[in-house]
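Shown next: query.cif, given as mmCIF, C-alpha atoms.
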data_run
#
loop_
_atom_site.label_atom_id
_atom_site.label_comp_id
_atom_site.auth_asym_id
_atom_site.auth_seq_id
_atom_site.Cartn_x
_atom_site.Cartn_y
_atom_site.Cartn_z
CA MET Y 220 108.06 99.56 90.94
CA TYR Y 221 106.44 96.42 89.58
CA CYS Y 222 107.59 93.42 91.59
CA ARG Y 223 106.89 89.96 92.93
CA VAL Y 224 106.40 89.96 96.71
CA THR Y 225 106.90 86.79 98.72
CA LYS Y 226 105.61 86.94 102.30
CA LEU Y 227 108.16 85.40 104.65
CA ARG Y 228 105.88 85.08 107.71
CA ARG Y 229 102.42 83.69 108.46
CA ALA Y 230 100.54 85.18 111.46
CA GLY Y 231 103.86 86.57 112.72
CA GLN Y 232 105.71 83.23 112.57
CA ARG Y 233 108.52 82.60 110.07
CA ILE Y 234 107.53 80.25 107.25
CA PRO Y 235 109.92 77.25 107.28
CA ASP Y 236 112.26 76.70 104.33
CA GLY Y 237 110.73 74.39 101.74
CA GLU Y 238 107.17 75.36 102.64
CA ALA Y 239 105.23 77.33 100.03
CA ALA Y 240 105.07 81.02 100.88
CA PRO Y 241 102.30 83.34 99.62
CA THR Y 242 103.41 85.28 96.52
CA LEU Y 243 101.78 88.33 94.96
CA GLU Y 244 102.63 90.53 91.97
CA GLY Y 245 101.87 94.21 91.69
CA PHE Y 246 103.14 97.76 92.02
CA LEU Y 247 105.06 98.40 95.23
CA SER Y 248 105.01 101.92 96.63
CA LEU Y 249 106.51 103.32 99.83
CA ARG Y 250 104.99 106.40 101.42
CA ASN Y 251 105.14 107.70 105.01
CA GLY Y 252 106.49 104.43 106.41
CA VAL Y 253 103.83 102.29 104.70
CA ALA Y 254 104.56 99.83 101.87
CA THR Y 255 101.57 99.18 99.63
CA LEU Y 256 101.25 96.50 96.98
CA ALA Y 257 98.56 97.23 94.38
CA PRO Y 258 97.50 95.26 91.30
CA PRO Y 259 98.40 96.76 87.90
CA LEU Y 260 95.97 99.12 86.15
CA THR Y 261 93.73 99.71 89.16
CA GLN Y 262 92.94 102.65 91.39
CA ASN Y 263 92.26 102.57 95.13
CA VAL Y 264 92.72 98.78 95.37
CA THR Y 265 95.34 97.27 97.68
CA LEU Y 266 96.61 93.68 97.69
CA SER Y 267 98.57 94.08 100.93
CA GLU Y 268 100.03 96.75 103.23
CA LEU Y 269 103.06 96.75 105.51
CA PHE Y 270 103.28 99.38 108.27
CA ALA Y 271 106.37 100.85 110.02
CA VAL Y 272 108.52 99.53 107.17
CA SER Y 273 112.28 99.19 107.36
CA LEU Y 274 114.73 97.93 104.76
CA VAL Y 275 116.47 94.88 106.23
CA GLN Y 276 118.59 93.59 103.36
CA VAL Y 277 119.46 94.05 99.71
CA ALA Y 278 120.67 90.80 98.18
CA ASP Y 279 120.34 88.69 95.03
CA GLY Y 280 118.48 91.43 93.18
CA ALA Y 281 115.76 91.68 95.85
CA LEU Y 282 114.81 93.90 98.77
CA ILE Y 283 113.82 92.46 102.13
CA LEU Y 284 111.36 94.74 103.91
CA ARG Y 285 110.15 94.23 107.48
CA GLY Y 286 107.18 95.79 109.20
CA TYR Y 287 103.75 95.04 110.61
CA GLU Y 288 100.74 93.66 108.80
CA LYS Y 289 97.11 93.58 109.92
CA ASP Y 290 95.97 90.08 110.89
CA GLU Y 291 92.35 90.15 111.98
CA ALA Y 292 92.27 92.91 114.62
CA ARG Y 293 95.96 92.94 115.52
CA GLY Y 294 99.30 93.82 114.00
CA VAL Y 295 101.81 91.03 113.43
CA LEU Y 296 105.42 91.06 112.34
CA GLN Y 297 105.83 90.45 108.60
CA ALA Y 298 108.71 90.45 106.13
CA TRP Y 299 108.47 90.78 102.35
CA ARG Y 300 111.00 89.67 99.73
CA CYS Y 301 110.50 92.09 96.82
CA GLU Y 302 111.95 91.10 93.44
CA PRO Y 303 111.63 93.71 90.67
CA LEU Y 304 110.06 92.36 87.46
CA ASP Y 305 110.87 93.64 84.00
CA THR Y 306 107.74 95.02 82.37
CA ARG Y 307 109.29 96.22 79.12
CA HIS Y 308 107.93 94.66 75.94
CA GLY Y 309 108.41 95.22 72.25
CA PHE Y 310 111.32 96.74 70.34
CA ASP Y 311 113.31 99.98 70.40
CA ARG Y 312 113.91 102.22 67.35
CA MET Y 313 116.88 100.06 66.29
CA GLY Y 314 114.74 96.89 66.24
CA ARG Y 315 116.30 95.44 69.42
CA ARG Y 316 114.06 93.69 71.90
CA LEU Y 317 113.41 95.74 75.05
CA ASP Y 318 113.24 92.71 77.36
CA GLY Y 319 116.97 92.05 76.93
CA ASP Y 320 116.51 88.77 75.03
CA HIS Y 321 118.45 89.28 71.81
CA THR Y 322 118.05 85.78 70.37
#

Write-out of the structure in C-alpha coordinates:
Amino acid sequence: MYCRVTKLRRAGQRIPDGEAAPTLEGFLSLRNGVATLAPPLTQNVTLSELFAVSLVQVADGALILRGYEKDEARGVLQAWRCEPLDTRHGFDRMGRRLDGDHT
(Lines of atoms letter the chains of each structure in order from A and count residues from 1; the text may use other names and numbers.)
(Lines give C-alpha, C1' and ligand atoms only; values in the text may rest on other atoms or scores of the structure.)
Protein backbone atom coordinates (compact mmCIF):
# COMPACT_ATOMS: atom_id res chain seq x y z
CA MET A 1 0.00 0.00 0.00
CA TYR A 2 1.20 3.52 -0.71
CA CYS A 3 1.56 5.44 2.54
CA ARG A 4 3.27 8.14 4.54
CA VAL A 5 5.49 6.71 7.30
CA THR A 6 6.44 8.81 10.29
CA LYS A 7 9.22 7.37 12.45
CA LEU A 8 8.32 7.71 16.12
CA ARG A 9 11.80 6.97 17.54
CA ARG A 10 15.36 8.18 16.97
CA ALA A 11 18.20 5.77 17.88
CA GLY A 12 15.72 3.79 19.98
CA GLN A 13 14.49 6.80 22.00
CA ARG A 14 10.95 8.17 21.62
CA ILE A 15 10.81 11.48 19.76
CA PRO A 16 9.15 14.07 22.05
CA ASP A 17 5.80 15.57 21.06
CA GLY A 18 6.23 18.80 19.11
CA GLU A 19 9.62 17.80 17.73
CA ALA A 20 9.81 17.11 13.99
CA ALA A 21 9.85 13.40 13.23
CA PRO A 22 11.34 11.94 10.03
CA THR A 23 8.64 11.28 7.41
CA LEU A 24 8.91 9.18 4.25
CA GLU A 25 6.45 8.26 1.49
CA GLY A 26 6.48 5.04 -0.45
CA PHE A 27 5.04 1.56 -0.88
CA LEU A 28 4.80 -0.40 2.37
CA SER A 29 5.02 -4.18 2.15
CA LEU A 30 5.03 -6.79 4.90
CA ARG A 31 6.68 -10.14 4.29
CA ASN A 32 8.06 -12.74 6.73
CA GLY A 33 8.00 -10.36 9.70
CA VAL A 34 9.80 -7.56 7.84
CA ALA A 35 8.17 -4.25 6.86
CA THR A 36 9.80 -2.59 3.86
CA LEU A 37 9.20 0.92 2.59
CA ALA A 38 10.21 1.43 -1.05
CA PRO A 39 9.96 4.51 -3.28
CA PRO A 40 7.37 4.38 -6.08
CA LEU A 41 8.33 3.04 -9.52
CA THR A 42 11.62 1.48 -8.45
CA GLN A 43 12.96 -2.04 -8.14
CA ASN A 44 15.32 -3.36 -5.49
CA VAL A 45 15.56 -0.01 -3.67
CA THR A 46 14.57 0.32 -0.02
CA LEU A 47 13.97 3.54 1.93
CA SER A 48 13.73 1.79 5.30
CA GLU A 49 13.18 -1.65 6.86
CA LEU A 50 11.62 -2.72 10.14
CA PHE A 51 12.36 -6.23 11.46
CA ALA A 52 10.30 -8.46 13.82
CA VAL A 53 7.26 -6.28 13.09
CA SER A 54 4.13 -6.28 15.20
CA LEU A 55 0.93 -4.27 14.80
CA VAL A 56 0.53 -2.16 17.93
CA GLN A 57 -2.49 0.00 17.17
CA VAL A 58 -5.04 0.93 14.53
CA ALA A 59 -6.36 4.44 15.10
CA ASP A 60 -7.27 7.62 13.22
CA GLY A 61 -6.90 5.94 9.84
CA ALA A 62 -3.30 4.86 10.54
CA LEU A 63 -1.41 1.74 11.57
CA ILE A 64 1.24 1.83 14.28
CA LEU A 65 3.91 -0.80 13.65
CA ARG A 66 6.71 -1.63 16.08
CA GLY A 67 9.90 -3.54 15.42
CA TYR A 68 13.66 -3.17 15.14
CA GLU A 69 15.61 -1.01 12.75
CA LYS A 70 19.31 -1.14 11.90
CA ASP A 71 21.24 1.78 13.40
CA GLU A 72 24.90 1.53 12.48
CA ALA A 73 25.84 -2.03 13.51
CA ARG A 74 23.05 -2.65 16.01
CA GLY A 75 19.30 -3.08 16.11
CA VAL A 76 17.23 -0.45 17.91
CA LEU A 77 13.56 -0.29 18.79
CA GLN A 78 11.53 1.68 16.25
CA ALA A 79 7.85 2.45 15.70
CA TRP A 80 6.23 3.64 12.47
CA ARG A 81 2.95 5.50 12.03
CA CYS A 82 1.68 4.44 8.59
CA GLU A 83 -1.04 6.57 6.99
CA PRO A 84 -2.43 5.26 3.68
CA LEU A 85 -2.39 7.84 0.87
CA ASP A 86 -4.91 7.96 -1.95
CA THR A 87 -3.15 7.52 -5.27
CA ARG A 88 -6.19 7.57 -7.53
CA HIS A 89 -6.28 10.33 -10.14
CA GLY A 90 -8.52 11.21 -13.04
CA PHE A 91 -12.17 10.36 -13.70
CA ASP A 92 -14.32 7.24 -13.86
CA ARG A 93 -16.59 6.31 -16.81
CA MET A 94 -19.38 8.52 -15.42
CA GLY A 95 -17.10 11.59 -15.33
CA ARG A 96 -16.76 11.59 -11.52
CA ARG A 97 -13.40 12.39 -10.00
CA LEU A 98 -11.63 9.33 -8.58
CA ASP A 99 -9.98 11.23 -5.71
CA GLY A 100 -13.34 11.76 -4.00
CA ASP A 101 -13.38 15.54 -4.52
CA HIS A 102 -16.66 16.19 -6.31
CA THR A 103 -16.51 20.00 -6.36

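With only C-alpha atoms as the atoms that count, the residue of Y:Ile234, Y:Leu247, Y:Leu304, Y:Leu227 with the shortest distance to Gly280 of chain Y is Y:Leu304.
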
Point-to-point distance in Å for atom CA of Tyr287 of chain Y and atom CA of Thr242 of chain Y: 17.1 Å

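Nearest residue to Gly252 of chain Y, choosing from Y:Gly286, Y:Ala281, Y:Ala239, Y:Cys222 and counting only C-alpha atoms: Y:Gly286.
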
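Counting only C-alpha atoms, the residue from Y:Glu302, Y:Glu291, Y:Ser273, Y:Gln297 that sits nearest to Arg233 of chain Y is Y:Gln297.
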
Protein/DNA/RNA residues near (115.0, 97.2, 93.6), cut 12 Å, only C-alpha atoms, as a CSV table (one decimal) with C-alpha atoms, in the coordinates of the input:
chain,number,residue,atom,x,y,z
Y,220,MET,CA,108.1,99.6,90.9
Y,221,TYR,CA,106.4,96.4,89.6
Y,222,CYS,CA,107.6,93.4,91.6
Y,223,ARG,CA,106.9,90.0,92.9
Y,224,VAL,CA,106.4,90.0,96.7
Y,246,PHE,CA,103.1,97.8,92.0
Y,247,LEU,CA,105.1,98.4,95.2
Y,248,SER,CA,105.0,101.9,96.6
Y,274,LEU,CA,114.7,97.9,104.8
Y,276,GLN,CA,118.6,93.6,103.4
Y,277,VAL,CA,119.5,94.0,99.7
Y,278,ALA,CA,120.7,90.8,98.2
Y,279,ASP,CA,120.3,88.7,95.0
Y,280,GLY,CA,118.5,91.4,93.2
Y,281,ALA,CA,115.8,91.7,95.8
Y,282,LEU,CA,114.8,93.9,98.8
Y,283,ILE,CA,113.8,92.5,102.1
Y,284,LEU,CA,111.4,94.7,103.9
Y,300,ARG,CA,111.0,89.7,99.7
Y,301,CYS,CA,110.5,92.1,96.8
Y,302,GLU,CA,112.0,91.1,93.4
Y,303,PRO,CA,111.6,93.7,90.7
Y,304,LEU,CA,110.1,92.4,87.5
Y,305,ASP,CA,110.9,93.6,84.0

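Between atom CA of Arg228 of chain Y and atom CA of Arg293 of chain Y there is a distance of 14.9 Å.
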
When the PyMOL selection byres ((chain Y and resi 288) around 10) is applied to the structure above, which residues does it catch, written out as a VMD selection string? chain Y and resid 230 to 231 267 to 272 285 to 287 289 to 291 293 to 298

Resulting file, chosen residues, C-alpha atoms, as a PDB file, in the coordinates of the input:
ATOM      1  CA  ALA Y 230     100.540  85.180 111.460  1.00  0.00           C
ATOM      2  CA  GLY Y 231     103.860  86.570 112.720  1.00  0.00           C
ATOM      3  CA  SER Y 267      98.570  94.080 100.930  1.00  0.00           C
ATOM      4  CA  GLU Y 268     100.030  96.750 103.230  1.00  0.00           C
ATOM      5  CA  LEU Y 269     103.060  96.750 105.510  1.00  0.00           C
ATOM      6  CA  PHE Y 270     103.280  99.380 108.270  1.00  0.00           C
ATOM      7  CA  ALA Y 271     106.370 100.850 110.020  1.00  0.00           C
ATOM      8  CA  VAL Y 272     108.520  99.530 107.170  1.00  0.00           C
ATOM      9  CA  ARG Y 285     110.150  94.230 107.480  1.00  0.00           C
ATOM     10  CA  GLY Y 286     107.180  95.790 109.200  1.00  0.00           C
ATOM     11  CA  TYR Y 287     103.750  95.040 110.610  1.00  0.00           C
ATOM     12  CA  LYS Y 289      97.110  93.580 109.920  1.00  0.00           C
ATOM     13  CA  ASP Y 290      95.970  90.080 110.890  1.00  0.00           C
ATOM     14  CA  GLU Y 291      92.350  90.150 111.980  1.00  0.00           C
ATOM     15  CA  ARG Y 293      95.960  92.940 115.520  1.00  0.00           C
ATOM     16  CA  GLY Y 294      99.300  93.820 114.000  1.00  0.00           C
ATOM     17  CA  VAL Y 295     101.810  91.030 113.430  1.00  0.00           C
ATOM     18  CA  LEU Y 296     105.420  91.060 112.340  1.00  0.00           C
ATOM     19  CA  GLN Y 297     105.830  90.450 108.600  1.00  0.00           C
ATOM     20  CA  ALA Y 298     108.710  90.450 106.130  1.00  0.00           C
TER      21      ALA Y 298
END

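Here atom CA of Thr265 of chain Y and atom CA of Gln232 of chain Y stand 22.9 Å from one another.
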
Measuring atom to atom with only C-alpha atoms, identify which of Y:Trp299, Y:Asp236, Y:Ala292, Y:Leu243 is nearest to Ala257 of chain Y. Y:Leu243

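Each of Y:Ala240, Y:Leu266, Y:Leu260, Y:Ala254 was checked against Lys226 of chain Y using only C-alpha atoms; the smallest atom-to-atom distance is that of Y:Ala240.
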